[in-house]
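K.L.:
Sharing a structure below in structure tokens format, with a few things to ask.
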Amino acid sequence: MEKTAQDIILKPIITEHSMECLREGKYTFKVAKDANKIEIANAVEKLFKGVKVKKVNTISVRGRKKRMGRSEGYTSSWKKAIVTLAEGSKTIEFFDGMI
């Protein structure tokens with residue numbers, strides 16, 4: 001079954017560090033755990049028209065230990081992608097109001 005761009009790019013990550021990286025043309029997203037760098041680059045270019053991806057860095061984020069009273073468990077692990085856009089590329093409008 002073919003994955004759509006919406007299945008690969010799950011949501012943007014908005015933190016202080018990711019907002020600092022916007023100045024360098026780096027955008028951070030939560031992505032599907034089984035997505036590879038090529039699929040992520042194609043999904044970003046498809047979702048945001050006029051955007052050209054230069055490179056993609058991925059990080060597998062381990063689940064954190066959480067406690068609820070006496071019981072404890074782990075949050076689910078997930079995958080983060082930092083997408084760097086090419087020099088002459090258009091910016092992603094969603095993030096423009098946050099800078």
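Order determines the names: the first chain of the structure tokens is A, the second B, and so forth; residues in each chain are numbered 1 upward, and ligands are numbered 1 upward as they are shown.
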Identify, with DSSP run on backbone atoms, the residues in segment 16-57 of chain A assigned to strand (DSSP E), and express the list as a list in words.
P.N.:
Lys26, Tyr27, Thr28, Phe29, Lys30, Val31, Val53, Lys54, Lys55, Val56 and Asn57 of chain A
K.L.:
Would you give me, as a ChimeraX atom specification, the residues in chain A that DSSP reads as alpha helix (DSSP H)?
P.N.:
/A:5-8,16-21,37-47,93-96
K.L.:
Which one is closest to Asn36 of chain A: A:Ala86, A:Leu10, A:Lys79, A:Glu2? Count only C-alpha atoms.
P.N.:
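Among the listed residues, the smallest separation from Asn36 of chain A belongs to A:Lys79.
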K.L.:
Please list as a PyMOL selection string every residue within 9 Å of segment 24-35 of chain A, counting only C-alpha atoms and excluding residues in the same chain fewer than 5 positions away.
P.N.:
chain A and resi 7-14+18-19+40+60+77-87+91-92+95
K.L.:
Go ahead and dump the residues you just picked, N, CA and C atoms, as a compact mmCIF listing (two decimals), in the first residue's frame.
P.N.:
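Final output, saved to again_0.txt:
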```
# COMPACT_ATOMS: atom_id res chain seq x y z
N ASP A 7 0.62 10.61 5.69
CA ASP A 7 0.97 9.45 6.52
C ASP A 7 2.43 9.53 6.97
N ILE A 8 3.28 10.21 6.21
CA ILE A 8 4.71 10.28 6.52
C ILE A 8 5.00 11.45 7.46
N ILE A 9 4.54 12.66 7.11
CA ILE A 9 4.74 13.85 7.96
C ILE A 9 3.56 13.92 8.91
N LEU A 10 3.78 13.65 10.20
CA LEU A 10 2.68 13.59 11.16
C LEU A 10 2.34 14.96 11.74
N LYS A 11 3.36 15.69 12.22
CA LYS A 11 3.09 17.03 12.75
C LYS A 11 4.39 17.80 12.89
N PRO A 12 4.32 19.15 12.91
CA PRO A 12 5.54 19.94 13.13
C PRO A 12 5.91 19.91 14.61
N ILE A 13 7.19 20.07 14.89
CA ILE A 13 7.67 20.14 16.27
C ILE A 13 8.03 21.60 16.53
N ILE A 14 7.38 22.18 17.54
CA ILE A 14 7.56 23.59 17.85
C ILE A 14 8.19 23.70 19.23
N SER A 18 13.89 24.42 17.79
CA SER A 18 13.44 24.30 16.40
C SER A 18 13.10 25.68 15.81
N MET A 19 12.66 26.61 16.64
CA MET A 19 12.37 27.96 16.15
C MET A 19 13.68 28.70 15.82
N ILE A 40 10.63 11.09 3.22
CA ILE A 40 10.38 12.32 3.98
C ILE A 40 10.60 13.55 3.08
N SER A 60 15.85 8.86 15.88
CA SER A 60 14.89 8.01 16.56
C SER A 60 14.88 8.40 18.02
N SER A 77 8.01 5.38 21.62
CA SER A 77 9.13 6.00 20.91
C SER A 77 8.63 6.52 19.57
N TRP A 78 9.36 7.49 18.99
CA TRP A 78 8.94 8.13 17.74
C TRP A 78 10.15 8.58 16.96
N LYS A 79 9.91 9.12 15.78
CA LYS A 79 11.00 9.53 14.89
C LYS A 79 10.85 11.01 14.56
N LYS A 80 12.00 11.71 14.59
CA LYS A 80 12.03 13.14 14.30
C LYS A 80 12.87 13.36 13.05
N ALA A 81 12.44 14.28 12.20
CA ALA A 81 13.20 14.61 10.99
C ALA A 81 13.47 16.11 10.97
N ILE A 82 14.74 16.46 10.71
CA ILE A 82 15.13 17.86 10.53
C ILE A 82 15.40 18.04 9.04
N VAL A 83 14.55 18.84 8.39
CA VAL A 83 14.60 19.02 6.94
C VAL A 83 15.26 20.37 6.65
N THR A 84 16.35 20.33 5.89
CA THR A 84 17.05 21.55 5.47
C THR A 84 16.63 21.87 4.05
N LEU A 85 16.20 23.12 3.83
CA LEU A 85 15.76 23.53 2.50
C LEU A 85 16.92 24.08 1.70
N ALA A 86 16.82 24.00 0.37
CA ALA A 86 17.84 24.51 -0.53
C ALA A 86 17.88 26.04 -0.47
N GLU A 87 18.98 26.63 -0.96
CA GLU A 87 19.20 28.08 -0.86
C GLU A 87 18.07 28.91 -1.46
N THR A 91 10.04 29.45 1.57
CA THR A 91 9.90 29.00 2.95
C THR A 91 8.55 28.31 3.14
N ILE A 92 8.39 27.61 4.26
CA ILE A 92 7.12 26.97 4.58
C ILE A 92 6.28 27.98 5.32
N PHE A 95 5.30 28.07 9.26
CA PHE A 95 6.25 28.51 10.27
C PHE A 95 6.56 30.00 10.20
```
K.L.:
So how many Å separate atom CA of Lys37 of chain A and atom CA of Gly50 of chain A, to one decimal?
P.N.:
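So the answer is 19.0 Å.
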